[in-house]
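Shown below: run02.csv, with CSV, C-alpha atoms.
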```csv
chain,number,residue,atom,x,y,z
A,1,MET,CA,97.2,173.7,45.9
A,2,SER,CA,95.1,172.0,48.6
A,3,ALA,CA,91.5,171.0,48.3
A,4,PRO,CA,88.9,173.3,49.9
A,5,THR,CA,87.6,172.2,53.2
A,6,LEU,CA,83.9,171.6,53.3
A,7,PRO,CA,81.9,173.2,56.2
A,8,HIS,CA,80.9,169.8,57.7
A,9,SER,CA,84.2,167.9,57.2
A,10,SER,CA,85.8,168.8,60.5
A,11,PRO,CA,86.4,165.8,62.9
A,12,ARG,CA,83.8,167.3,65.2
A,13,HIS,CA,81.1,166.8,62.5
A,14,SER,CA,82.3,163.5,61.0
A,15,GLU,CA,80.5,161.3,63.4
A,16,PRO,CA,77.2,159.8,62.1
A,17,SER,CA,74.2,161.7,63.2
A,18,ASN,CA,71.5,160.0,65.2
A,19,ALA,CA,68.8,162.1,63.6
A,20,PRO,CA,66.7,160.2,61.1
A,21,ARG,CA,67.4,160.8,57.4
A,22,ALA,CA,64.7,161.9,55.1
A,23,GLY,CA,63.0,158.8,53.6
A,24,ALA,CA,64.8,156.4,55.9
A,25,ARG,CA,62.9,153.8,57.8
A,26,PRO,CA,63.1,154.1,61.6
A,27,GLU,CA,65.5,151.7,63.5
A,28,PRO,CA,63.7,148.8,64.9
A,29,SER,CA,63.2,148.9,68.7
A,30,LEU,CA,65.5,146.7,70.8
A,31,TRP,CA,62.3,145.1,72.1
A,32,VAL,CA,61.9,143.4,68.7
A,33,TYR,CA,65.2,141.7,69.1
A,34,LEU,CA,64.5,140.8,72.8
A,35,LEU,CA,61.2,139.2,71.8
A,36,LEU,CA,62.9,137.3,69.0
A,37,GLY,CA,65.6,136.1,71.4
A,38,ILE,CA,63.0,134.9,73.9
A,39,LEU,CA,61.1,133.1,71.2
A,40,PHE,CA,64.4,131.4,70.0
A,41,GLY,CA,65.2,130.4,73.6
A,42,ILE,CA,61.7,128.8,74.0
A,43,ILE,CA,62.2,126.9,70.7
A,44,LEU,CA,65.6,125.7,71.9
A,45,THR,CA,64.2,124.6,75.3
A,46,LYS,CA,61.1,122.9,73.9
A,47,GLY,CA,63.2,121.1,71.3
A,48,GLU,CA,65.5,119.8,74.0
A,49,VAL,CA,68.5,121.3,72.1
A,50,ILE,CA,69.8,122.8,75.3
A,51,SER,CA,69.4,119.6,77.3
A,52,TRP,CA,72.7,118.5,78.9
A,53,PHE,CA,71.6,114.9,78.6
A,54,ARG,CA,70.9,115.2,74.8
A,55,ILE,CA,74.3,116.8,74.3
A,56,GLN,CA,76.0,114.0,76.3
A,57,GLU,CA,74.1,111.4,74.3
A,58,MET,CA,75.5,113.0,71.1
A,59,PHE,CA,79.1,113.1,72.3
A,60,ARG,CA,78.9,109.4,73.4
A,61,PHE,CA,77.2,108.4,70.2
A,62,GLN,CA,74.3,107.0,72.2
A,63,ALA,CA,71.5,108.8,70.3
A,64,TRP,CA,71.2,110.6,67.0
A,65,TYR,CA,68.8,113.3,68.1
A,66,MET,CA,71.2,116.2,68.0
A,67,TYR,CA,72.8,115.0,64.7
A,68,GLY,CA,69.2,115.1,63.3
A,69,VAL,CA,68.9,118.7,64.5
A,70,PHE,CA,72.2,119.6,62.8
A,71,ALA,CA,71.2,117.7,59.7
A,72,THR,CA,68.1,120.0,59.3
A,73,ALA,CA,69.9,123.2,60.5
A,74,ILE,CA,72.7,123.0,57.9
A,75,PRO,CA,70.5,122.9,54.7
A,76,THR,CA,68.1,125.4,56.3
A,77,ALA,CA,71.1,127.8,56.7
A,78,ILE,CA,72.4,127.2,53.2
A,79,VAL,CA,69.0,127.9,51.6
A,80,THR,CA,68.4,131.0,53.8
A,81,VAL,CA,71.9,132.5,53.0
A,82,GLN,CA,71.4,131.9,49.3
A,83,PHE,CA,67.9,133.5,49.5
A,84,ILE,CA,69.4,136.5,51.2
A,85,LYS,CA,72.2,136.9,48.7
A,86,ARG,CA,70.0,136.4,45.6
A,87,ARG,CA,67.2,138.6,46.7
A,88,GLN,CA,69.7,141.2,48.0
A,89,LEU,CA,67.6,141.5,51.2
A,90,ARG,CA,68.0,144.3,53.7
A,91,ALA,CA,68.1,144.3,57.5
A,92,LEU,CA,65.1,145.8,59.5
A,93,SER,CA,67.0,149.1,59.6
A,94,GLY,CA,67.2,149.2,55.8
A,95,VAL,CA,70.9,148.5,55.5
A,96,PRO,CA,71.8,145.9,52.8
A,97,ILE,CA,72.8,142.5,54.3
A,98,GLU,CA,76.3,141.7,53.1
A,99,ILE,CA,77.8,138.2,53.5
A,100,PRO,CA,81.5,138.3,52.6
A,101,PRO,CA,83.0,135.1,51.1
A,102,LYS,CA,85.1,132.9,53.3
A,103,GLU,CA,88.8,132.7,52.9
A,104,MET,CA,89.9,129.2,53.5
A,105,GLY,CA,93.6,129.7,53.5
A,106,SER,CA,95.2,126.6,55.0
A,107,GLY,CA,92.2,125.9,57.1
A,108,THR,CA,94.2,126.0,60.3
A,109,ARG,CA,92.0,128.7,61.9
A,110,TYR,CA,88.9,126.7,61.3
A,111,ILE,CA,90.4,123.5,62.7
A,112,ALA,CA,91.8,125.3,65.8
A,113,GLY,CA,88.5,127.2,66.3
A,114,GLY,CA,86.4,124.1,65.9
A,115,VAL,CA,88.5,122.1,68.3
A,116,THR,CA,88.5,124.9,70.9
A,117,PHE,CA,84.7,125.3,70.4
A,118,GLY,CA,84.2,121.5,70.8
A,119,ILE,CA,86.3,121.3,74.0
A,120,GLY,CA,84.3,124.2,75.6
A,121,TRP,CA,81.1,122.6,74.5
A,122,ALA,CA,82.1,119.2,75.9
A,123,PHE,CA,83.2,120.7,79.2
A,124,THR,CA,80.1,122.9,79.8
A,125,GLY,CA,77.5,120.7,78.0
A,126,ALA,CA,76.3,123.7,76.1
A,127,CYS,CA,77.4,125.7,73.0
A,128,PRO,CA,77.3,129.5,73.3
A,129,GLY,CA,74.0,129.8,71.5
A,130,PRO,CA,71.7,128.5,74.2
A,131,LEU,CA,73.6,129.8,77.2
A,132,LEU,CA,71.0,132.5,77.9
A,133,ALA,CA,68.2,130.0,77.4
A,134,LEU,CA,69.8,127.7,79.9
A,135,ILE,CA,70.2,130.5,82.5
A,136,GLY,CA,66.5,131.5,81.8
A,137,ALA,CA,65.5,127.8,82.2
A,138,GLY,CA,66.9,127.8,85.7
A,139,VAL,CA,70.4,126.5,85.3
A,140,PRO,CA,72.3,129.4,87.0
A,141,VAL,CA,75.7,127.6,86.8
A,142,MET,CA,75.6,128.4,83.1
A,143,ALA,CA,76.4,132.1,84.1
A,144,ALA,CA,79.9,130.9,84.6
A,145,ALA,CA,80.0,129.4,81.1
A,146,LEU,CA,78.5,132.7,79.7
A,147,ALA,CA,81.2,134.7,81.5
A,148,SER,CA,83.9,132.4,80.1
A,149,ALA,CA,82.5,132.7,76.6
A,150,ILE,CA,82.5,136.5,76.9
A,151,ALA,CA,86.1,136.5,78.4
A,152,GLY,CA,87.3,134.2,75.6
A,153,THR,CA,85.8,136.5,72.9
A,154,TRP,CA,87.5,139.4,74.6
A,155,VAL,CA,90.9,137.6,74.7
A,156,TYR,CA,90.5,136.7,71.1
A,157,GLY,CA,89.9,140.3,70.2
A,158,LEU,CA,93.1,141.2,72.0
A,159,LEU,CA,95.2,138.5,70.3
A,160,ARG,CA,93.6,138.4,66.9
A,161,GLU,CA,96.3,140.3,65.1
A,162,ARG,CA,99.0,137.9,66.5
A,163,LEU,CA,97.1,134.6,65.6
A,164,PRO,CA,97.5,132.7,62.4
A,165,HIS,CA,94.7,133.4,60.1
```

Structure encoded using C-alpha coordinates:
Amino acid sequence: MSAPTLPHSSPRHSEPSNAPRAGARPEPSLWVYLLLGILFGIILTKGEVISWFRIQEMFRFQAWYMYGVFATAIPTAIVTVQFIKRRQLRALSGVPIEIPPKEMGSGTRYIAGGVTFGIGWAFTGACPGPLLALIGAGVPVMAAALASAIAGTWVYGLLRERLPH
(Lines of atoms letter the chains of each structure in order from A and count residues from 1; the text may use other names and numbers.)
(Lines give C-alpha, C1' and ligand atoms only; values in the text may rest on other atoms or scores of the structure.)
Protein backbone atom coordinates (compact mmCIF):
# COMPACT_ATOMS: atom_id res chain seq x y z
CA MET A 1 0.00 0.00 0.00
CA SER A 2 1.49 3.34 -1.01
CA ALA A 3 1.42 6.50 1.06
CA PRO A 4 -1.18 9.09 0.07
CA THR A 5 0.09 12.02 -1.97
CA LEU A 6 -0.32 15.40 -0.39
CA PRO A 7 -1.86 18.13 -2.55
CA HIS A 8 1.32 20.27 -2.55
CA SER A 9 3.87 17.46 -2.92
CA SER A 10 4.09 17.49 -6.70
CA PRO A 11 7.44 18.55 -8.21
CA ARG A 12 5.75 21.68 -9.52
CA HIS A 13 5.00 22.84 -5.97
CA SER A 14 8.17 21.57 -4.24
CA GLU A 15 10.22 24.69 -4.99
CA PRO A 16 10.48 27.19 -2.15
CA SER A 17 8.06 30.05 -2.33
CA ASN A 18 9.33 33.61 -2.52
CA ALA A 19 6.33 34.78 -0.56
CA PRO A 20 7.14 35.86 3.00
CA ARG A 21 6.10 33.41 5.70
CA ALA A 22 3.93 34.56 8.55
CA GLY A 23 6.12 35.86 11.36
CA ALA A 24 9.32 35.69 9.29
CA ARG A 25 11.64 38.65 9.12
CA PRO A 26 12.03 40.19 5.67
CA GLU A 27 15.20 39.40 3.72
CA PRO A 28 17.79 42.16 4.01
CA SER A 29 18.18 44.24 0.92
CA LEU A 30 21.21 43.62 -1.25
CA TRP A 31 22.07 47.27 -0.65
CA VAL A 32 23.04 46.35 2.92
CA TYR A 33 25.61 43.88 1.64
CA LEU A 34 26.87 46.31 -1.00
CA LEU A 35 27.38 49.02 1.61
CA LEU A 36 29.16 46.61 3.96
CA GLY A 37 31.40 45.52 1.10
CA ILE A 38 32.25 49.12 0.25
CA LEU A 39 33.04 49.83 3.91
CA PHE A 40 35.25 46.74 4.06
CA GLY A 41 37.05 47.88 0.88
CA ILE A 42 37.68 51.32 2.39
CA ILE A 43 39.10 49.73 5.56
CA LEU A 44 41.39 47.46 3.52
CA THR A 45 42.56 50.41 1.42
CA LYS A 46 43.16 52.81 4.32
CA GLY A 47 44.91 50.07 6.30
CA GLU A 48 47.26 49.48 3.33
CA VAL A 49 46.35 45.80 3.36
CA ILE A 50 45.82 45.92 -0.41
CA SER A 51 49.13 47.66 -1.09
CA TRP A 52 51.31 45.70 -3.49
CA PHE A 53 54.37 47.18 -1.78
CA ARG A 54 53.21 46.00 1.66
CA ILE A 55 52.56 42.51 0.30
CA GLN A 56 55.98 42.35 -1.36
CA GLU A 57 57.63 43.55 1.87
CA MET A 58 55.95 40.64 3.63
CA PHE A 59 57.02 38.02 1.08
CA ARG A 60 60.61 39.32 1.21
CA PHE A 61 60.59 39.46 5.04
CA GLN A 62 61.50 43.16 4.86
CA ALA A 63 58.67 44.39 7.09
CA TRP A 64 56.32 42.83 9.62
CA TYR A 65 53.27 45.04 8.96
CA MET A 66 51.19 42.36 7.18
CA TYR A 67 52.17 39.73 9.74
CA GLY A 68 50.86 42.11 12.39
CA VAL A 69 47.58 42.38 10.50
CA PHE A 70 47.31 38.58 10.39
CA ALA A 71 48.33 38.33 14.04
CA THR A 72 45.30 40.45 14.97
CA ALA A 73 42.92 38.92 12.40
CA ILE A 74 43.37 35.31 13.55
CA PRO A 75 42.42 35.81 17.22
CA THR A 76 39.59 38.12 16.15
CA ALA A 77 38.23 35.38 13.89
CA ILE A 78 38.58 32.74 16.60
CA VAL A 79 36.71 34.84 19.16
CA THR A 80 34.02 35.80 16.63
CA VAL A 81 33.39 32.20 15.51
CA GLN A 82 33.19 31.01 19.12
CA PHE A 83 30.77 33.84 19.93
CA ILE A 84 28.56 32.88 16.96
CA LYS A 85 28.56 29.20 17.97
CA ARG A 86 27.92 29.75 21.68
CA ARG A 87 25.20 32.35 21.21
CA GLN A 88 23.64 30.37 18.33
CA LEU A 89 23.34 33.56 16.32
CA ARG A 90 21.22 33.92 13.21
CA ALA A 91 21.90 35.61 9.88
CA LEU A 92 20.08 38.83 9.00
CA SER A 93 17.49 36.69 7.21
CA GLY A 94 16.77 34.79 10.44
CA VAL A 95 18.42 31.53 9.34
CA PRO A 96 20.66 29.96 12.03
CA ILE A 97 24.38 30.31 11.29
CA GLU A 98 25.90 26.82 11.11
CA ILE A 99 29.67 26.34 11.06
CA PRO A 100 30.45 22.69 10.35
CA PRO A 101 33.57 21.17 11.93
CA LYS A 102 36.66 20.79 9.74
CA GLU A 103 37.71 17.32 8.65
CA MET A 104 41.51 17.28 8.61
CA GLY A 105 42.04 13.91 6.97
CA SER A 106 45.67 13.71 5.87
CA GLY A 107 45.84 17.50 5.47
CA THR A 108 46.82 17.18 1.80
CA ARG A 109 43.98 19.36 0.59
CA TYR A 110 44.92 22.15 2.99
CA ILE A 111 48.58 22.02 1.98
CA ALA A 112 47.76 21.93 -1.75
CA GLY A 113 45.19 24.68 -1.38
CA GLY A 114 47.52 26.85 0.68
CA VAL A 115 50.38 26.46 -1.79
CA THR A 116 48.11 27.24 -4.75
CA PHE A 117 46.66 30.24 -2.93
CA GLY A 118 50.14 31.49 -1.99
CA ILE A 119 51.48 31.16 -5.54
CA GLY A 120 48.52 33.10 -6.92
CA TRP A 121 48.94 35.73 -4.22
CA ALA A 122 52.66 36.08 -4.94
CA PHE A 123 52.08 36.35 -8.72
CA THR A 124 49.32 38.95 -8.53
CA GLY A 125 50.34 40.75 -5.37
CA ALA A 126 46.82 40.38 -3.98
CA CYS A 127 44.77 37.72 -2.28
CA PRO A 128 41.18 37.26 -3.51
CA GLY A 129 39.64 39.31 -0.67
CA PRO A 130 40.74 42.78 -1.77
CA LEU A 131 40.56 42.29 -5.55
CA LEU A 132 37.43 44.41 -5.85
CA ALA A 133 38.92 47.03 -3.53
CA LEU A 134 42.00 47.19 -5.77
CA ILE A 135 39.85 47.59 -8.88
CA GLY A 136 37.85 50.29 -7.10
CA ALA A 137 41.08 52.00 -6.00
CA GLY A 138 42.09 52.42 -9.64
CA VAL A 139 44.17 49.32 -10.36
CA PRO A 140 42.26 47.97 -13.38
CA VAL A 141 44.84 45.24 -14.10
CA MET A 142 43.39 43.43 -11.08
CA ALA A 143 40.33 42.68 -13.23
CA ALA A 144 42.50 39.98 -14.83
CA ALA A 145 43.30 38.57 -11.37
CA LEU A 146 39.59 38.65 -10.48
CA ALA A 147 38.69 36.86 -13.72
CA SER A 148 41.39 34.26 -12.96
CA ALA A 149 40.06 33.76 -9.42
CA ILE A 150 36.54 33.24 -10.75
CA ALA A 151 37.82 30.84 -13.45
CA GLY A 152 39.84 28.91 -10.87
CA THR A 153 36.80 28.58 -8.62
CA TRP A 154 34.73 27.36 -11.56
CA VAL A 155 37.38 24.78 -12.56
CA TYR A 156 37.58 23.57 -8.96
CA GLY A 157 33.82 23.12 -8.97
CA LEU A 158 34.10 20.98 -12.09
CA LEU A 159 36.99 18.87 -10.74
CA ARG A 160 36.01 18.71 -7.07
CA GLU A 161 34.70 15.15 -7.16
CA ARG A 162 37.94 13.90 -8.74
CA LEU A 163 40.34 15.70 -6.37
CA PRO A 164 41.78 14.16 -3.19
CA HIS A 165 39.88 15.43 -0.18

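Distance-wise, CA of Ser148 (chain A) and CA of Val115 (chain A) end up 16.3 Å apart.
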
**Message:** I'd like the interatomic distance between CA of Tyr156 (chain A) and CA of Ala133 (chain A), to a tenth of an Å.
**Reply:**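 For CA of Tyr156 (chain A) relative to CA of Ala133 (chain A), the distance reads 24.1 Å.
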
For region 79-144 of chain A versus region 33-49 of chain A, which residues have an atom no more than 8 Å away, and what is each residue's nearest atom pair and distance in Å rounded to one decimal, using all atoms listed in the file, chain-then-number order, as a tab-separated table?
```
residue	atom	partner	partner_atom	distance
A:Pro130	CA	A:Gly41	CA	6.8
A:Leu132	CA	A:Gly41	CA	7.5
A:Ala133	CA	A:Gly41	CA	4.9
A:Leu134	CA	A:Thr45	CA	7.9
A:Ala137	CA	A:Thr45	CA	7.7
```

**Who sits within 12 Å of Glu57 (chain A), only C-alpha atoms, same chain under 5 positions skipped, as number ranges by chain** = A: 49, 51-52, 62-67, 122, 125

**Asked** Just how far from CA of Glu98 (chain A) is CA of Gly157 (chain A), in Å to one decimal?
**Response**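 Between CA of Gly157 (chain A) and CA of Glu98 (chain A) the gap is 21.9 Å.
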
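Comparing the minimum interatomic distances between Ala149 (chain A) and each of A:Ser29, A:Ala77, A:Gly136, A:Ala126, counting all atoms listed in the file, we find that A:Ala126 sits nearest.
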
**Request:** Find, counting all atoms listed in the file, the residue in A:Arg162, A:Tyr110, A:Leu30, A:Phe83 that gets nearest to Ile97 (chain A).
**Result:**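 Closest residue, counting all atoms listed in the file: A:Phe83.
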
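Minimum atom-to-atom distance to Pro100 (chain A), evaluated using all atoms listed in the file, belongs to A:Val81 out of A:Cys127, A:Val81, A:Ala112, A:Ile55.
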
**Request:** Could you tell me which of A:Gly94, A:Gly152, A:Pro140, A:Pro101 comes closest to Pro128 (chain A) if we count all atoms listed in the file?
**Result:** A:Gly152
